[in-house]
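Raw contents of upload23.cif, mmCIF, C-alpha atoms and all ligand atoms:
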```cif
data_upload
loop_
_atom_site.group_PDB
_atom_site.id
_atom_site.type_symbol
_atom_site.label_atom_id
_atom_site.label_comp_id
_atom_site.auth_asym_id
_atom_site.auth_seq_id
_atom_site.Cartn_x
_atom_site.Cartn_y
_atom_site.Cartn_z
ATOM 1 C CA MET I 24 0.000 0.000 0.000
ATOM 2 C CA ARG I 25 1.202 3.463 -0.922
ATOM 3 C CA ILE I 26 0.365 6.699 0.873
ATOM 4 C CA VAL I 27 0.875 10.296 -0.285
ATOM 5 C CA ILE I 28 1.419 12.711 2.588
ATOM 6 C CA SER I 29 1.025 16.473 2.684
ATOM 7 C CA ALA I 30 2.766 18.200 5.590
ATOM 8 C CA ASP I 31 2.218 21.770 6.734
ATOM 9 C CA ILE I 32 3.807 23.273 9.844
ATOM 10 C CA GLU I 33 1.167 25.421 11.605
ATOM 11 C CA GLY I 34 -0.718 22.383 12.909
ATOM 12 C CA ILE I 35 2.344 20.441 14.035
ATOM 13 C CA SER I 36 2.569 19.326 17.670
ATOM 14 C CA GLY I 37 3.902 22.166 19.803
ATOM 15 C CA VAL I 38 3.841 24.905 17.158
ATOM 16 C CA ALA I 39 2.001 27.982 18.461
ATOM 17 C CA SER I 40 3.816 31.015 17.061
ATOM 18 C CA LEU I 41 4.374 32.470 13.619
ATOM 19 C CA LYS I 42 8.056 32.668 14.561
ATOM 20 C CA GLU I 43 8.197 28.885 14.688
ATOM 21 C CA THR I 44 6.840 28.635 11.152
ATOM 22 C CA GLY I 45 9.877 30.378 9.701
ATOM 23 C CA THR I 46 7.723 32.862 7.793
ATOM 24 C CA GLU I 47 8.167 35.855 10.083
ATOM 25 C CA GLY I 48 11.399 37.744 9.544
ATOM 26 C CA ASP I 49 12.229 38.455 13.172
ATOM 27 C CA GLY I 50 11.843 34.840 14.299
ATOM 28 C CA ALA I 51 15.028 33.312 15.674
ATOM 29 C CA PRO I 52 16.300 30.529 13.394
ATOM 30 C CA ALA I 53 16.295 28.256 16.457
ATOM 31 C CA ASP I 54 12.486 28.600 16.746
ATOM 32 C CA TYR I 55 11.994 27.367 13.200
ATOM 33 C CA GLN I 56 14.586 24.611 13.547
ATOM 34 C CA MET I 57 12.771 23.294 16.592
ATOM 35 C CA ALA I 58 9.520 23.239 14.640
ATOM 36 C CA GLN I 59 11.242 21.383 11.812
ATOM 37 C CA ARG I 60 12.171 18.652 14.277
ATOM 38 C CA TRP I 61 8.606 18.506 15.636
ATOM 39 C CA LEU I 62 7.265 18.337 12.071
ATOM 40 C CA THR I 63 9.551 15.443 11.226
ATOM 41 C CA GLY I 64 8.463 13.670 14.434
ATOM 42 C CA ASP I 65 4.775 14.011 13.543
ATOM 43 C CA VAL I 66 5.363 12.669 10.022
ATOM 44 C CA ASN I 67 7.362 9.749 11.394
ATOM 45 C CA ALA I 68 4.580 8.900 13.851
ATOM 46 C CA ALA I 69 2.035 8.779 11.007
ATOM 47 C CA VAL I 70 4.342 6.617 8.905
ATOM 48 C CA GLU I 71 4.912 4.177 11.770
ATOM 49 C CA GLY I 72 1.168 3.850 12.417
ATOM 50 C CA ALA I 73 0.448 3.344 8.726
ATOM 51 C CA MET I 74 3.154 0.663 8.454
ATOM 52 C CA GLU I 75 1.619 -1.220 11.395
ATOM 53 C CA ALA I 76 -1.529 -1.501 9.274
ATOM 54 C CA GLY I 77 0.324 -2.629 6.147
ATOM 55 C CA ALA I 78 1.314 0.529 4.246
ATOM 56 C CA ALA I 79 4.736 0.100 2.683
ATOM 57 C CA SER I 80 5.782 3.220 0.808
ATOM 58 C CA PHE I 81 5.236 6.947 1.143
ATOM 59 C CA VAL I 82 5.765 10.168 -0.775
ATOM 60 C CA LEU I 83 5.784 13.322 1.330
ATOM 61 C CA HIS I 84 4.696 16.537 -0.359
ATOM 62 C CA GLU I 85 6.064 19.477 1.575
ATOM 63 C CA SER I 86 3.381 22.142 1.729
ATOM 64 C CA HIS I 87 4.645 24.913 3.954
ATOM 65 C CA GLY I 88 6.250 28.211 3.029
ATOM 66 C CA LEU I 89 7.112 29.618 -0.362
ATOM 67 C CA ASP I 90 10.145 27.382 -0.445
ATOM 68 C CA LEU I 91 8.380 24.127 0.446
ATOM 69 C CA ARG I 92 11.390 22.740 2.332
ATOM 70 C CA ASN I 93 10.865 22.000 6.009
ATOM 71 C CA VAL I 94 11.273 18.355 6.947
ATOM 72 C CA LEU I 95 14.636 17.215 8.360
ATOM 73 C CA LEU I 96 15.823 14.549 5.930
ATOM 74 C CA ASP I 97 18.379 13.138 8.369
ATOM 75 C CA GLU I 98 15.640 12.338 10.886
ATOM 76 C CA LEU I 99 12.889 11.300 8.477
ATOM 77 C CA HIS I 100 11.667 7.690 8.371
ATOM 78 C CA PRO I 101 13.614 5.807 5.665
ATOM 79 C CA ALA I 102 10.431 4.640 3.906
ATOM 80 C CA VAL I 103 9.583 8.219 2.836
ATOM 81 C CA GLU I 104 10.488 9.985 -0.427
ATOM 82 C CA VAL I 105 10.109 13.775 -0.401
ATOM 83 C CA VAL I 106 8.927 16.291 -3.005
ATOM 84 C CA ARG I 107 10.546 19.559 -1.918
ATOM 85 C CA GLY I 108 11.297 22.956 -3.436
ATOM 86 C CA ARG I 109 9.310 25.305 -5.643
ATOM 87 C CA PRO I 110 7.439 25.978 -7.776
ATOM 88 C CA VAL I 111 5.281 22.899 -7.958
ATOM 89 C CA ILE I 112 1.611 22.363 -8.500
ATOM 90 C CA PHE I 113 0.608 20.491 -5.444
ATOM 91 C CA TYR I 114 0.333 16.708 -5.944
ATOM 92 C CA GLU I 115 1.096 16.893 -9.673
ATOM 93 C CA GLU I 116 4.751 16.108 -9.021
ATOM 94 C CA ALA I 117 4.104 13.344 -6.530
ATOM 95 C CA ASP I 118 4.174 10.702 -9.266
ATOM 96 C CA LEU I 119 0.555 9.845 -8.610
ATOM 97 C CA GLY I 120 0.587 7.534 -11.613
ATOM 98 C CA ARG I 121 2.211 4.930 -9.396
ATOM 99 C CA GLY I 122 -1.147 4.563 -7.733
ATOM 100 C CA TYR I 123 -1.672 5.738 -4.194
ATOM 101 C CA ASN I 124 -4.227 4.089 -1.956
ATOM 102 C CA GLY I 125 -4.717 7.025 0.374
ATOM 103 C CA ALA I 126 -3.581 10.480 1.454
ATOM 104 C CA PHE I 127 -2.594 11.890 4.857
ATOM 105 C CA LEU I 128 -2.692 15.536 5.923
ATOM 106 C CA ILE I 129 -0.182 16.290 8.681
ATOM 107 C CA GLY I 130 0.102 19.541 10.630
ATOM 108 C CA MET I 131 -3.003 21.275 9.292
ATOM 109 C CA HIS I 132 -4.476 24.555 10.522
ATOM 110 C CA ALA I 133 -7.932 26.142 10.374
ATOM 111 C CA ARG I 134 -9.075 28.273 7.463
ATOM 112 C CA ALA I 135 -8.751 32.060 7.261
ATOM 113 C CA GLY I 136 -10.979 34.023 9.617
ATOM 114 C CA GLU I 137 -11.376 31.313 12.247
ATOM 115 C CA SER I 138 -10.297 32.055 15.798
ATOM 116 C CA ALA I 139 -7.928 29.098 15.805
ATOM 117 C CA ILE I 140 -4.188 28.720 16.104
ATOM 118 C CA LEU I 141 -2.351 30.288 13.118
ATOM 119 C CA SER I 142 -5.464 30.179 10.909
ATOM 120 C CA HIS I 143 -5.048 31.335 7.286
ATOM 121 C CA VAL I 144 -5.463 30.156 3.722
ATOM 122 C CA LEU I 145 -2.373 29.721 1.494
ATOM 123 C CA SER I 146 -0.856 33.113 2.258
ATOM 124 C CA TRP I 147 -0.875 35.049 5.458
ATOM 125 C CA PRO I 148 -1.915 37.851 5.076
ATOM 126 C CA LEU I 149 -2.316 38.301 1.306
ATOM 127 C CA LEU I 150 -5.390 36.082 0.806
ATOM 128 C CA ARG I 151 -8.337 37.010 2.972
ATOM 129 C CA ASP I 152 -10.638 34.152 1.979
ATOM 130 C CA VAL I 153 -11.113 31.367 -0.572
ATOM 131 C CA ARG I 154 -14.561 29.979 -1.388
ATOM 132 C CA VAL I 155 -15.418 26.930 -3.470
ATOM 133 C CA ASN I 156 -19.010 26.628 -4.665
ATOM 134 C CA GLY I 157 -19.855 29.334 -2.136
ATOM 135 C CA GLN I 158 -18.280 27.544 0.822
ATOM 136 C CA PRO I 159 -15.319 29.105 2.665
ATOM 137 C CA VAL I 160 -12.472 26.595 2.543
ATOM 138 C CA GLY I 161 -9.024 26.178 4.029
ATOM 139 C CA GLU I 162 -5.977 24.330 2.808
ATOM 140 C CA ALA I 163 -7.337 21.087 4.245
ATOM 141 C CA GLU I 164 -10.506 21.118 2.114
ATOM 142 C CA LEU I 165 -8.482 22.213 -0.932
ATOM 143 C CA THR I 166 -5.923 19.430 -0.550
ATOM 144 C CA ILE I 167 -8.542 16.780 0.162
ATOM 145 C CA SER I 168 -10.464 17.841 -2.955
ATOM 146 C CA LEU I 169 -7.291 17.802 -5.020
ATOM 147 C CA ALA I 170 -6.491 14.260 -3.898
ATOM 148 C CA ALA I 171 -10.098 13.325 -4.719
ATOM 149 C CA SER I 172 -9.619 14.643 -8.262
ATOM 150 C CA TYR I 173 -7.005 11.890 -8.664
ATOM 151 C CA GLY I 174 -9.382 9.357 -7.119
ATOM 152 C CA ILE I 175 -7.364 9.250 -3.882
ATOM 153 C CA PRO I 176 -9.276 9.303 -0.580
ATOM 154 C CA THR I 177 -7.745 11.366 2.228
ATOM 155 C CA VAL I 178 -8.007 9.248 5.359
ATOM 156 C CA LEU I 179 -6.055 11.108 8.061
ATOM 157 C CA ILE I 180 -5.753 14.662 9.327
ATOM 158 C CA THR I 181 -3.598 15.892 12.214
ATOM 159 C CA GLY I 182 -3.600 19.392 13.685
ATOM 160 C CA ASP I 183 -5.457 21.555 16.163
ATOM 161 C CA ASP I 184 -8.935 20.726 17.462
ATOM 162 C CA ARG I 185 -10.638 23.288 15.198
ATOM 163 C CA VAL I 186 -9.362 22.038 11.854
ATOM 164 C CA CYS I 187 -9.888 18.410 12.862
ATOM 165 C CA LEU I 188 -13.508 19.112 13.819
ATOM 166 C CA ASP I 189 -14.138 21.137 10.641
ATOM 167 C CA ILE I 190 -12.819 18.349 8.434
ATOM 168 C CA GLN I 191 -14.555 15.534 10.272
ATOM 169 C CA ARG I 192 -17.866 17.390 9.857
ATOM 170 C CA TRP I 193 -17.203 18.258 6.219
ATOM 171 C CA SER I 194 -16.235 14.687 5.336
ATOM 172 C CA GLY I 195 -19.101 13.116 7.240
ATOM 173 C CA GLY I 196 -16.717 11.441 9.687
ATOM 174 C CA GLN I 197 -14.814 9.603 6.954
ATOM 175 C CA ILE I 198 -11.429 11.022 7.866
ATOM 176 C CA GLU I 199 -9.560 9.915 10.978
ATOM 177 C CA ALA I 200 -8.267 12.819 13.073
ATOM 178 C CA ALA I 201 -5.477 13.220 15.598
ATOM 179 C CA VAL I 202 -5.844 16.402 17.660
ATOM 180 C CA VAL I 203 -2.390 17.446 18.903
ATOM 181 C CA LYS I 204 -3.305 20.814 20.454
ATOM 182 C CA TYR I 205 -6.318 22.915 21.436
ATOM 183 C CA SER I 206 -6.775 26.416 20.048
ATOM 184 C CA LEU I 207 -7.201 29.122 22.663
ATOM 185 C CA SER I 208 -6.987 31.921 20.098
ATOM 186 C CA ARG I 209 -5.245 32.553 16.793
ATOM 187 C CA TYR I 210 -2.034 33.066 18.740
ATOM 188 C CA ALA I 211 -2.233 30.597 21.630
ATOM 189 C CA ALA I 212 -2.808 26.869 22.038
ATOM 190 C CA ARG I 213 -2.739 24.247 24.758
ATOM 191 C CA CYS I 214 -0.283 21.706 23.368
ATOM 192 C CA LEU I 215 -0.209 18.041 24.342
ATOM 193 C CA PRO I 216 3.117 16.553 25.408
ATOM 194 C CA LEU I 217 4.934 15.592 22.217
ATOM 195 C CA ILE I 218 4.968 11.932 23.176
ATOM 196 C CA GLU I 219 1.178 11.863 23.621
ATOM 197 C CA ALA I 220 0.539 13.866 20.448
ATOM 198 C CA ARG I 221 2.621 11.432 18.413
ATOM 199 C CA GLU I 222 0.921 8.449 19.991
ATOM 200 C CA ARG I 223 -2.432 9.907 18.909
ATOM 201 C CA ILE I 224 -1.052 10.398 15.391
ATOM 202 C CA ARG I 225 0.341 6.860 15.251
ATOM 203 C CA GLN I 226 -2.954 5.307 16.353
ATOM 204 C CA ALA I 227 -5.075 7.473 14.037
ATOM 205 C CA ALA I 228 -2.797 6.624 11.094
ATOM 206 C CA ARG I 229 -3.136 2.923 11.824
ATOM 207 C CA ARG I 230 -6.949 3.193 11.985
ATOM 208 C CA ALA I 231 -6.945 5.258 8.775
ATOM 209 C CA VAL I 232 -5.061 2.609 6.814
ATOM 210 C CA GLU I 233 -7.226 -0.153 8.278
ATOM 211 C CA ARG I 234 -10.285 1.730 6.926
ATOM 212 C CA LEU I 235 -8.784 2.316 3.475
ATOM 213 C CA SER I 236 -10.778 -0.394 1.707
ATOM 214 C CA THR I 237 -14.048 1.409 2.438
ATOM 215 C CA ALA I 238 -12.768 4.995 2.113
ATOM 216 C CA ARG I 239 -14.014 7.159 -0.725
ATOM 217 C CA PRO I 240 -12.719 10.485 -2.034
ATOM 218 C CA VAL I 241 -14.467 13.623 -0.749
ATOM 219 C CA GLY I 242 -14.664 16.753 -2.894
ATOM 220 C CA PHE I 243 -16.797 19.256 -4.771
ATOM 221 C CA THR I 244 -19.151 18.512 -7.647
ATOM 222 C CA PRO I 245 -18.386 20.287 -10.970
ATOM 223 C CA PRO I 246 -18.837 22.896 -12.263
ATOM 224 C CA ILE I 247 -16.584 24.401 -9.623
ATOM 225 C CA THR I 248 -16.865 28.077 -8.741
ATOM 226 C CA LEU I 249 -13.775 29.598 -7.157
ATOM 227 C CA GLU I 250 -13.820 32.961 -5.408
ATOM 228 C CA VAL I 251 -10.658 34.476 -4.004
ATOM 229 C CA GLU I 252 -10.798 37.530 -1.766
ATOM 230 C CA LEU I 253 -7.447 39.289 -1.773
ATOM 231 C CA VAL I 254 -6.188 41.851 0.687
ATOM 232 C CA GLU I 255 -4.773 44.122 -2.018
ATOM 233 C CA ARG I 256 -7.136 45.612 -4.618
ATOM 234 C CA GLU I 257 -4.355 46.177 -7.171
ATOM 235 C CA ILE I 258 -3.582 42.460 -7.245
ATOM 236 C CA ALA I 259 -7.269 41.593 -7.726
ATOM 237 C CA ARG I 260 -7.436 44.089 -10.596
ATOM 238 C CA SER I 261 -4.362 42.539 -12.251
ATOM 239 C CA VAL I 262 -5.656 38.987 -11.824
ATOM 240 C CA ALA I 263 -8.854 40.107 -13.573
ATOM 241 C CA TRP I 264 -6.853 41.046 -16.708
ATOM 242 C CA MET I 265 -6.847 37.349 -17.532
ATOM 243 C CA PRO I 266 -9.710 36.036 -19.674
ATOM 244 C CA GLU I 267 -12.537 34.189 -17.959
ATOM 245 C CA ILE I 268 -11.766 35.788 -14.594
ATOM 246 C CA GLY I 269 -14.701 37.612 -13.025
ATOM 247 C CA TYR I 270 -14.078 40.667 -10.859
ATOM 248 C CA ASP I 271 -16.310 42.437 -8.359
ATOM 249 C CA GLY I 272 -14.480 45.731 -8.857
ATOM 250 C CA ASP I 273 -13.026 45.554 -5.365
ATOM 251 C CA ARG I 274 -10.894 42.710 -3.961
ATOM 252 C CA THR I 275 -12.620 39.513 -5.078
ATOM 253 C CA VAL I 276 -11.945 37.534 -8.265
ATOM 254 C CA ARG I 277 -13.998 34.626 -9.532
ATOM 255 C CA TYR I 278 -13.441 31.674 -11.864
ATOM 256 C CA VAL I 279 -15.653 28.786 -12.922
ATOM 257 C CA GLY I 280 -13.974 25.550 -14.021
ATOM 258 C CA GLU I 281 -15.032 22.136 -15.206
ATOM 259 C CA SER I 282 -12.775 20.236 -12.822
ATOM 260 C CA PHE I 283 -11.302 20.819 -9.406
ATOM 261 C CA ARG I 284 -7.785 20.352 -10.768
ATOM 262 C CA GLN I 285 -8.317 23.142 -13.297
ATOM 263 C CA VAL I 286 -9.658 25.426 -10.573
ATOM 264 C CA TYR I 287 -6.758 24.549 -8.281
ATOM 265 C CA ARG I 288 -4.245 25.577 -10.960
ATOM 266 C CA VAL I 289 -6.003 28.945 -11.291
ATOM 267 C CA LEU I 290 -5.935 29.357 -7.516
ATOM 268 C CA LEU I 291 -2.194 28.666 -7.413
ATOM 269 C CA ALA I 292 -1.546 31.158 -10.221
ATOM 270 C CA ILE I 293 -3.474 33.799 -8.243
ATOM 271 C CA PHE I 294 -1.479 32.862 -5.145
ATOM 272 C CA TRP I 295 1.788 33.391 -7.018
ATOM 273 C CA MET I 296 0.616 36.772 -8.282
ATOM 274 C CA ALA I 297 -0.428 37.757 -4.770
ATOM 275 C CA THR I 298 2.953 36.792 -3.346
ATOM 276 C CA SER I 299 4.980 38.387 -6.143
ATOM 277 C CA ARG I 300 7.267 41.314 -5.515
ATOM 278 C CA LEU I 301 4.774 43.542 -7.297
ATOM 279 C CA ASN I 302 2.566 43.273 -4.262
ATOM 280 C CA PRO I 303 3.125 46.421 -2.230
ATOM 281 C CA LEU I 304 2.342 44.628 1.043
HETATM 282 ZN ZN ZN T 1 1.980 26.488 6.383
#
```
Mind turning this structure into structure tokens?
Amino acid sequence: MRIVISADIEGISGVASLKETGTEGDGAPADYQMAQRWLTGDVNAAVEGAMEAGAASFVLHESHGLDLRNVLLDELHPAVEVVRGRPVIFYEEADLGRGYNGAFLIGMHARAGESAILSHVLSWPLLRDVRVNGQPVGEAELTISLAASYGIPTVLITGDDRVCLDIQRWSGGQIEAAVVKYSLSRYAARCLPLIEARERIRQAARRAVERLSTARPVGFTPPITLEVELVEREIARSVAWMPEIGYDGDRTVRYVGESFRQVYRVLLAIFWMATSRLNPL
């Protein structure tokens, strides 16, 4: 059995500050390096649990930061290959043609606007909101839908209590969750001891793989309407220069696609425009 893993950092055991995510300039490098070790520990715990239930090989898709390089290769479980570096279109470079049985989401955070630890969507603070078919979504829903577009069911999520609850509700309880910390605000969390958090991850991963035979992909039904609310009006105006992009005249752009994968590519292109050096923010 083969598993594709996406790993973010905001929902990793112990992480509670933007400084630990490596994306805030004044963060001490030691903060980020500590979080890298915690991230690698969470991934390893999921891999160990999955192997107990019969999974044999793994591809990890790094999904944090513009650089997409976070995991510590020296400490990573030897059964895991890693897709790292940028730019990539998420999952397209994970060699999905080899046939994955399931997907794991490790270290996830709540969507933008939620009062939950380090909540955001794709870019903090350049994207204010992303909606798919009218529903506000976070990176978890986006990644689960992307995996579904390849026919791959996502079977595990780890992160704070908010994102785990959101995704369990959205998926109708189909996705196993390991809560590793409890959100007290966007900037504070009650974190479990690392050893307990990883035990939860290991057990949830084992259950997830045991349930694989009955798991089905969860996603949105085409046609897919994407709305992206940007912080900067000038970026929204520039995005709307492209054909087939709708524009509300303020900060929100809109696109309708025939498949989720097509819509996801458009979203990533908007993300890259929003994070370009042209952006005055
Ligand atoms: Zn992240």
Would you mind listing, for every residue of chain I within 7 Å of ligand ZN 1 (chain T), the two atoms forming the shortest contact and the distance between them in Å to one decimal, using all atoms listed in the file, sorted by chain and ascending residue number, as CSV?
```
residue,atom,partner,partner_atom,distance
I:Asp31,CA,T:ZN1,ZN,4.7
I:Ile32,CA,T:ZN1,ZN,5.1
I:Glu33,CA,T:ZN1,ZN,5.4
I:Ser86,CA,T:ZN1,ZN,6.5
I:His87,CA,T:ZN1,ZN,3.9
I:Gly88,CA,T:ZN1,ZN,5.7
```
Export, as a short mmCIF file (atom, residue, chain, number, x, y, z; two decimals), in the frame of the given file, the selected residues with C-alpha atoms.
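Once written, selection_32.cif looks like this:
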```cif
data_model
loop_
_atom_site.label_atom_id
_atom_site.label_comp_id
_atom_site.auth_asym_id
_atom_site.auth_seq_id
_atom_site.Cartn_x
_atom_site.Cartn_y
_atom_site.Cartn_z
CA ASP I 31 2.22 21.77 6.73
CA ILE I 32 3.81 23.27 9.84
CA GLU I 33 1.17 25.42 11.60
CA SER I 86 3.38 22.14 1.73
CA HIS I 87 4.64 24.91 3.95
CA GLY I 88 6.25 28.21 3.03
#
```
List the residues matched by the PyMOL selection byres (((chain I and resi 132) around 8) and not hetatm) in the displayed structure as an MDAnalysis selection string, ordered by chain and then by residue number.
-> chainID I and resid 33:34 130:131 133:134 139:143 162:163 182:183 185:186
Once you have the residues from the selection above, write them out as a compact mmCIF listing (two decimals), in the frame of the given file, restricted to C-alpha atoms.
```txt
# COMPACT_ATOMS: atom_id res chain seq x y z
CA GLU I 33 1.17 25.42 11.60
CA GLY I 34 -0.72 22.38 12.91
CA GLY I 130 0.10 19.54 10.63
CA MET I 131 -3.00 21.28 9.29
CA ALA I 133 -7.93 26.14 10.37
CA ARG I 134 -9.07 28.27 7.46
CA ALA I 139 -7.93 29.10 15.80
CA ILE I 140 -4.19 28.72 16.10
CA LEU I 141 -2.35 30.29 13.12
CA SER I 142 -5.46 30.18 10.91
CA HIS I 143 -5.05 31.34 7.29
CA GLU I 162 -5.98 24.33 2.81
CA ALA I 163 -7.34 21.09 4.24
CA GLY I 182 -3.60 19.39 13.68
CA ASP I 183 -5.46 21.56 16.16
CA ARG I 185 -10.64 23.29 15.20
CA VAL I 186 -9.36 22.04 11.85
```
Skip range 198-205 of chain I itself and residues of its chain fewer than 4 positions away, then list as a ChimeraX atom specification all residues within 9 Å of it, counting all atoms listed in the file.
-> /I:34-38,130,139-140,176-188,190-191,194,211-217,219-221,223-228,230-231,238
Could you list, with a cut-off of 10 Å and counting all atoms listed in the file, the residues of range 212-260 of chain I near range 266-283 of chain I, each shown with its nearest atom pair and the distance in Å rounded to one decimal, rows sorted by chain and ascending number, as CSV?
```
residue,atom,partner,partner_atom,distance
I:Gly242,CA,I:Phe283,CA,8.4
I:Phe243,CA,I:Phe283,CA,7.4
I:Thr244,CA,I:Phe283,CA,8.4
I:Pro245,CA,I:Glu281,CA,5.7
I:Pro246,CA,I:Glu281,CA,4.9
I:Ile247,CA,I:Gly280,CA,5.2
I:Thr248,CA,I:Val279,CA,4.4
I:Leu249,CA,I:Tyr278,CA,5.2
I:Glu250,CA,I:Arg277,CA,4.5
I:Val251,CA,I:Val276,CA,5.4
I:Glu252,CA,I:Thr275,CA,4.3
I:Leu253,CA,I:Arg274,CA,5.3
I:Val254,CA,I:Arg274,CA,6.7
I:Glu255,CA,I:Arg274,CA,6.6
I:Arg256,CA,I:Arg274,CA,4.8
I:Glu257,CA,I:Arg274,CA,8.1
I:Ile258,CA,I:Arg274,CA,8.0
I:Ala259,CA,I:Arg274,CA,5.3
I:Arg260,CA,I:Gly272,CA,7.4
```
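Nearest to Val232 in chain I of all the residues I:Ala76, I:Ala263, I:Ile218, I:Ala297 is I:Ala76, counting only C-alpha atoms.
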CA of Trp193 in chain I to CA of Ile129 in chain I measures 17.3 Å
